[in-house]
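Asker: After the structure tokens below, expect a handful of questions from me.
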Amino acid sequence: RALELDLREAWENGQFFLVFQPFFHVDSRRLAGFEALLRWRHPTRGIVLPSDFIACAEETGLILPLGAWVLTEACRAAAEWPADVHLAVNLSSLQFRSGHMADQLRDALRASGLPPQRLELELTESALLVEGTSVHSNLAQFRAQGIAIALDDFGTGYSSLSYLRTLPIDRIKVDRTFVARMAQDRQHRAIVHSVIQLSTALGIATTAEGIETEEQIEILRAEGCGYMQGFLLGRPMRATDARDLAQRET
Ligand code: G
Ligand code: G
Ligand code: NA
Ligand code: MN
């Protein structure tokens, strides 16, 4: 059956849910927040990951109501966490192009009571680079409300380092392909080093993705990376487990 039909049915039958993967301060190893990640419980295929359905959801336009639902649900969950635990939500560039982003953000924050200072929006390079100034003015408006903007999967796209200076961002997430190889490969380590150096000089926070070994944590500490995320530290978990972890850790 066509994925498109399956997706429509999934939306109508409430088969989507969120999991939350924690991220931590490198220095103290304290919990800093959670990233909301979308999952689809398919009736026969089991749990389906975003890489297998986000593109289709974008093509069919489903990403707009689905994205609004993600924002609402994630903010509702985060409102139960201690006040210093932040929430990161992934956004598709299509959600920006819809022109409804500002309204959706306002509604999700208002309905949940989550302060905007605890919300961060994750965008990929392609979303930030291709779109031009309307996205940038949107982001500036969100940042003025206290919402943070993160550049996801950094290093996998085409953006130049000098471009970082002009982007309205608060955080860079160093893609896990670099983190995975930095302990063994000098060139990957050099890239991680340079990104952290430049980001820090520009006042941009850094999060390293895909931490799987203690050795990687040691390298990140030596390089001055601020935040880290990965299976070694915490897998994506259900909202109730995230809440328990947040209350235990803070
Ligand atoms: O755990 P994982 O396979 O879920 O996530 C892979 C990627 O899928 C994320 O980095 C992100 O780019 C994308 N993703 C996850 N959840 C969402 C979501 O709610 N909305 C959008 N647009 N993308 C998501
Ligand atoms: O694209 P984005 O980086 O936002 O999504 C995170 C994706 O990376 C999710 O699919 C998540 O399950 C996965 N992920 C998170 N931590 C790790 C890790 O330590 N190792 C690996 N291999 N994947 C991870
Ligand atoms: Na992300
Ligand atoms: Mn990422």
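In the structure tokens, chains take the letters A, B, ... in the order shown, each chain's residues start at 1, and ligands count up from 1 in the order shown.
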Give one line per residue of segment 146-234 of chain A that approaches segment 32-41 of chain A to at most 10 Å, naming the two atoms of the closest pair and their distance in Å to one decimal, counting only C-alpha atoms; sort by chain then ascending residue number and deliver it as a Markdown table.
Answerer:
```
| residue | atom | partner | partner_atom | distance |
| --- | --- | --- | --- | --- |
| A:Tyr227 | CA | A:Ala32 | CA | 8.0 |
| A:Met228 | CA | A:Ala32 | CA | 9.3 |
| A:Gln229 | CA | A:Phe34 | CA | 9.3 |
| A:Gly234 | CA | A:Phe34 | CA | 9.8 |
```
Asker: With only C-alpha atoms as the counted atoms, please give the residues lying no more than 9 Å from Asn138 of chain A, apart from itself and same-chain residues fewer than 4 positions off, as a PyMOL selection string.
Answerer: chain A and resi 96+101-102+133-134+142-143
Asker: For the structure I just gave you, how does DSSP split segment 145-204 of chain A - specifically, which residues are alpha helix (DSSP H)? Reply as a ChimeraX atom specification.
Answerer: /A:176-181,186-201
Asker: At a cut-off of 6 Å around ligand 1, and using only C-alpha atoms and all ligand atoms, what residues come up? Please write them as a PyMOL selection string.
Answerer: chain A and resi 37-38+49-51+67+70+90-92
Asker: Take the residues just selected and output them with C-alpha atoms as a tab-separated table (two decimals), in the first residue's frame.
Answerer:
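Written out: result_17.tsv:
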```
chain	number	residue	atom	x	y	z
A	37	LEU	CA	11.60	12.95	18.25
A	38	LEU	CA	8.60	11.82	16.26
A	49	LEU	CA	11.35	6.35	12.12
A	50	PRO	CA	11.12	9.89	10.70
A	51	SER	CA	13.66	9.15	7.95
A	67	GLY	CA	4.22	19.56	12.97
A	70	VAL	CA	4.39	17.80	17.66
A	90	ASN	CA	12.68	19.63	15.11
A	91	LEU	CA	11.02	21.73	12.42
A	92	SER	CA	10.63	21.19	8.70
```
Asker: Kindly work out which residues sit at most 7 Å from ligand 2, using only C-alpha atoms and all ligand atoms, and give the list as a count of residues only.
Answerer: 14
Asker: Which residue gives the smallest distance to ligand 4 among A:Val174, A:Ala111, A:Ile204, A:Leu167, with only C-alpha atoms and all ligand atoms counted?
Answerer: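 Answer, going by the shortest atom-to-atom distance: A:Val174.
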Asker: So, with only C-alpha atoms and all ligand atoms as the atoms that count, which of A:Ser199, A:Ser137, A:Thr156, A:Thr240 lies closest to ligand 4?
Answerer: A:Thr156
Asker: Among the residues of segment 23-233 of chain A, find those DSSP assigns to strand (DSSP E or B) from the backbone and print them as a PyMOL selection string.
Answerer: chain A and resi 23-25+31-42+46-48+86-90+119-124+148-154+171-174+205-208+227-229
Asker: Write the residues of the selection above to a file with N, CA and C atoms, as a short mmCIF file (atom, residue, chain, number, x, y, z; two decimals), in the first residue's frame.
Answerer:
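This went into selection_8.cif:
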```cif
data_model
loop_
_atom_site.label_atom_id
_atom_site.label_comp_id
_atom_site.auth_asym_id
_atom_site.auth_seq_id
_atom_site.Cartn_x
_atom_site.Cartn_y
_atom_site.Cartn_z
N PHE A 23 19.81 15.60 26.49
CA PHE A 23 21.16 16.11 26.22
C PHE A 23 21.70 16.74 27.50
N PHE A 24 23.03 16.78 27.60
CA PHE A 24 23.70 17.06 28.87
C PHE A 24 24.79 18.12 28.71
N HIS A 25 25.10 18.79 29.82
CA HIS A 25 26.29 19.64 29.87
C HIS A 25 27.52 18.73 29.87
N LEU A 31 21.90 17.06 33.32
CA LEU A 31 20.87 17.11 32.29
C LEU A 31 20.60 18.57 31.90
N ALA A 32 20.59 18.84 30.59
CA ALA A 32 20.29 20.19 30.12
C ALA A 32 18.90 20.28 29.48
N GLY A 33 18.46 19.17 28.88
CA GLY A 33 17.15 19.20 28.24
C GLY A 33 16.88 17.93 27.46
N PHE A 34 15.78 17.95 26.70
CA PHE A 34 15.40 16.81 25.87
C PHE A 34 15.04 17.29 24.46
N GLU A 35 15.38 16.48 23.47
CA GLU A 35 14.94 16.72 22.10
C GLU A 35 13.75 15.81 21.82
N ALA A 36 12.64 16.40 21.37
CA ALA A 36 11.46 15.61 20.98
C ALA A 36 11.70 14.98 19.62
N LEU A 37 11.43 13.67 19.51
CA LEU A 37 11.60 12.95 18.25
C LEU A 37 10.31 12.21 17.92
N LEU A 38 9.88 12.37 16.69
CA LEU A 38 8.60 11.82 16.26
C LEU A 38 8.73 10.33 15.91
N ARG A 39 7.71 9.56 16.30
CA ARG A 39 7.64 8.13 15.98
C ARG A 39 6.25 7.80 15.47
N TRP A 40 6.19 6.75 14.65
CA TRP A 40 4.91 6.30 14.09
C TRP A 40 4.75 4.81 14.44
N ARG A 41 3.70 4.51 15.18
CA ARG A 41 3.42 3.12 15.49
C ARG A 41 2.53 2.56 14.40
N HIS A 42 3.16 1.88 13.44
CA HIS A 42 2.45 1.34 12.29
C HIS A 42 1.79 0.02 12.68
N GLY A 46 5.36 -2.01 12.71
CA GLY A 46 6.00 -1.66 13.98
C GLY A 46 6.34 -0.17 14.02
N ILE A 47 7.38 0.17 14.81
CA ILE A 47 7.75 1.57 14.96
C ILE A 47 8.50 2.05 13.72
N VAL A 48 8.00 3.10 13.10
CA VAL A 48 8.64 3.66 11.90
C VAL A 48 9.32 4.97 12.28
N HIS A 86 15.39 22.11 29.34
CA HIS A 86 14.92 22.72 28.10
C HIS A 86 14.32 21.70 27.14
N LEU A 87 13.59 22.20 26.15
CA LEU A 87 12.97 21.36 25.13
C LEU A 87 13.45 21.79 23.75
N ALA A 88 13.89 20.81 22.94
CA ALA A 88 14.23 21.08 21.55
C ALA A 88 13.24 20.36 20.65
N VAL A 89 12.72 21.07 19.65
CA VAL A 89 11.76 20.49 18.70
C VAL A 89 12.30 20.65 17.28
N ASN A 90 12.24 19.58 16.50
CA ASN A 90 12.68 19.63 15.11
C ASN A 90 11.58 20.24 14.23
N LEU A 119 12.27 26.83 25.23
CA LEU A 119 12.03 26.17 23.95
C LEU A 119 13.13 26.49 22.95
N GLU A 120 13.54 25.46 22.22
CA GLU A 120 14.54 25.62 21.17
C GLU A 120 14.02 24.94 19.92
N LEU A 121 14.21 25.58 18.76
CA LEU A 121 13.77 25.02 17.49
C LEU A 121 14.98 24.54 16.71
N GLU A 122 14.94 23.28 16.24
CA GLU A 122 16.06 22.72 15.47
C GLU A 122 15.72 22.75 13.99
N LEU A 123 16.61 23.37 13.23
CA LEU A 123 16.46 23.45 11.78
C LEU A 123 17.70 22.90 11.11
N THR A 124 17.54 22.29 9.96
CA THR A 124 18.71 21.82 9.23
C THR A 124 19.30 22.95 8.40
N ALA A 148 15.12 29.79 21.40
CA ALA A 148 16.45 29.61 20.82
C ALA A 148 16.35 28.85 19.50
N ILE A 149 17.33 29.07 18.62
CA ILE A 149 17.37 28.40 17.33
C ILE A 149 18.65 27.58 17.24
N ALA A 150 18.49 26.30 16.87
CA ALA A 150 19.65 25.42 16.72
C ALA A 150 19.78 24.96 15.27
N LEU A 151 21.01 24.89 14.80
CA LEU A 151 21.32 24.39 13.47
C LEU A 151 21.68 22.90 13.61
N ASP A 152 20.82 22.04 13.07
CA ASP A 152 20.94 20.59 13.27
C ASP A 152 21.88 19.96 12.25
N ASP A 153 22.45 18.83 12.61
CA ASP A 153 23.26 18.03 11.66
C ASP A 153 24.37 18.85 11.01
N PHE A 154 25.00 19.76 11.78
CA PHE A 154 25.97 20.65 11.16
C PHE A 154 27.16 19.88 10.58
N ARG A 171 22.75 27.86 18.67
CA ARG A 171 23.41 26.59 18.92
C ARG A 171 23.70 25.88 17.61
N ILE A 172 24.81 25.14 17.62
CA ILE A 172 25.12 24.26 16.50
C ILE A 172 25.17 22.84 17.02
N LYS A 173 24.50 21.92 16.34
CA LYS A 173 24.60 20.52 16.69
C LYS A 173 25.54 19.85 15.69
N VAL A 174 26.71 19.45 16.20
CA VAL A 174 27.73 18.84 15.34
C VAL A 174 27.26 17.43 14.98
N ALA A 205 26.51 28.30 21.07
CA ALA A 205 26.71 27.07 21.85
C ALA A 205 26.89 25.88 20.92
N THR A 206 27.59 24.83 21.40
CA THR A 206 27.78 23.63 20.59
C THR A 206 27.27 22.39 21.32
N THR A 207 26.58 21.54 20.58
CA THR A 207 26.16 20.23 21.07
C THR A 207 26.75 19.18 20.14
N ALA A 208 27.43 18.19 20.70
CA ALA A 208 27.93 17.07 19.89
C ALA A 208 26.90 15.95 19.94
N TYR A 227 27.81 20.96 25.14
CA TYR A 227 26.71 20.02 25.36
C TYR A 227 26.93 18.74 24.56
N MET A 228 26.28 17.68 25.01
CA MET A 228 26.44 16.38 24.33
C MET A 228 25.15 15.57 24.42
N GLN A 229 25.01 14.68 23.44
CA GLN A 229 23.79 13.87 23.31
C GLN A 229 24.21 12.56 22.66
#
```
Asker: With only C-alpha atoms and all ligand atoms as the atoms that count, which of A:Gln117, A:Thr177, A:Gln145, A:Gln216 lies nearest to ligand 4?
Answerer: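 Among the listed residues, the smallest separation from ligand 4 belongs to A:Thr177.
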Asker: Within 8 Å of Val192 of chain A, counting only C-alpha atoms, which residues show up once you throw out same-chain ones fewer than 3 positions away? Write them as an NGL selection string, please.
Answerer: :A and (174 or 178-179 or 182 or 188-189 or 195-196)
Asker: A:Ala68, A:Ile219, A:Ala201, A:Met237: which is nearest Arg186 of chain A, counting only C-alpha atoms?
Answerer: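 Looking only at the distances to Arg186 of chain A, the closest residue turns out to be A:Ile219.
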Asker: Restricting the calculation to only C-alpha atoms and all ligand atoms, which member of A:Asp52, A:Gln21, A:Leu109, A:Gly99 is positioned closest to ligand 3?
Answerer: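 Smallest separation from ligand 3 among the options: A:Gln21.
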Asker: Smallest atom-to-atom distance to ligand 4: which of A:Ala55, A:Gly155, A:Ala108, A:Leu245, using only C-alpha atoms and all ligand atoms?
Answerer: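 Smallest separation from ligand 4 among the options: A:Gly155.
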Asker: Could you work out how far atom CA of Arg243 of chain A lies from atom CA of Glu73 of chain A, giving the answer in Å with one decimal?
Answerer: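 These two atoms are separated by 13.6 Å.
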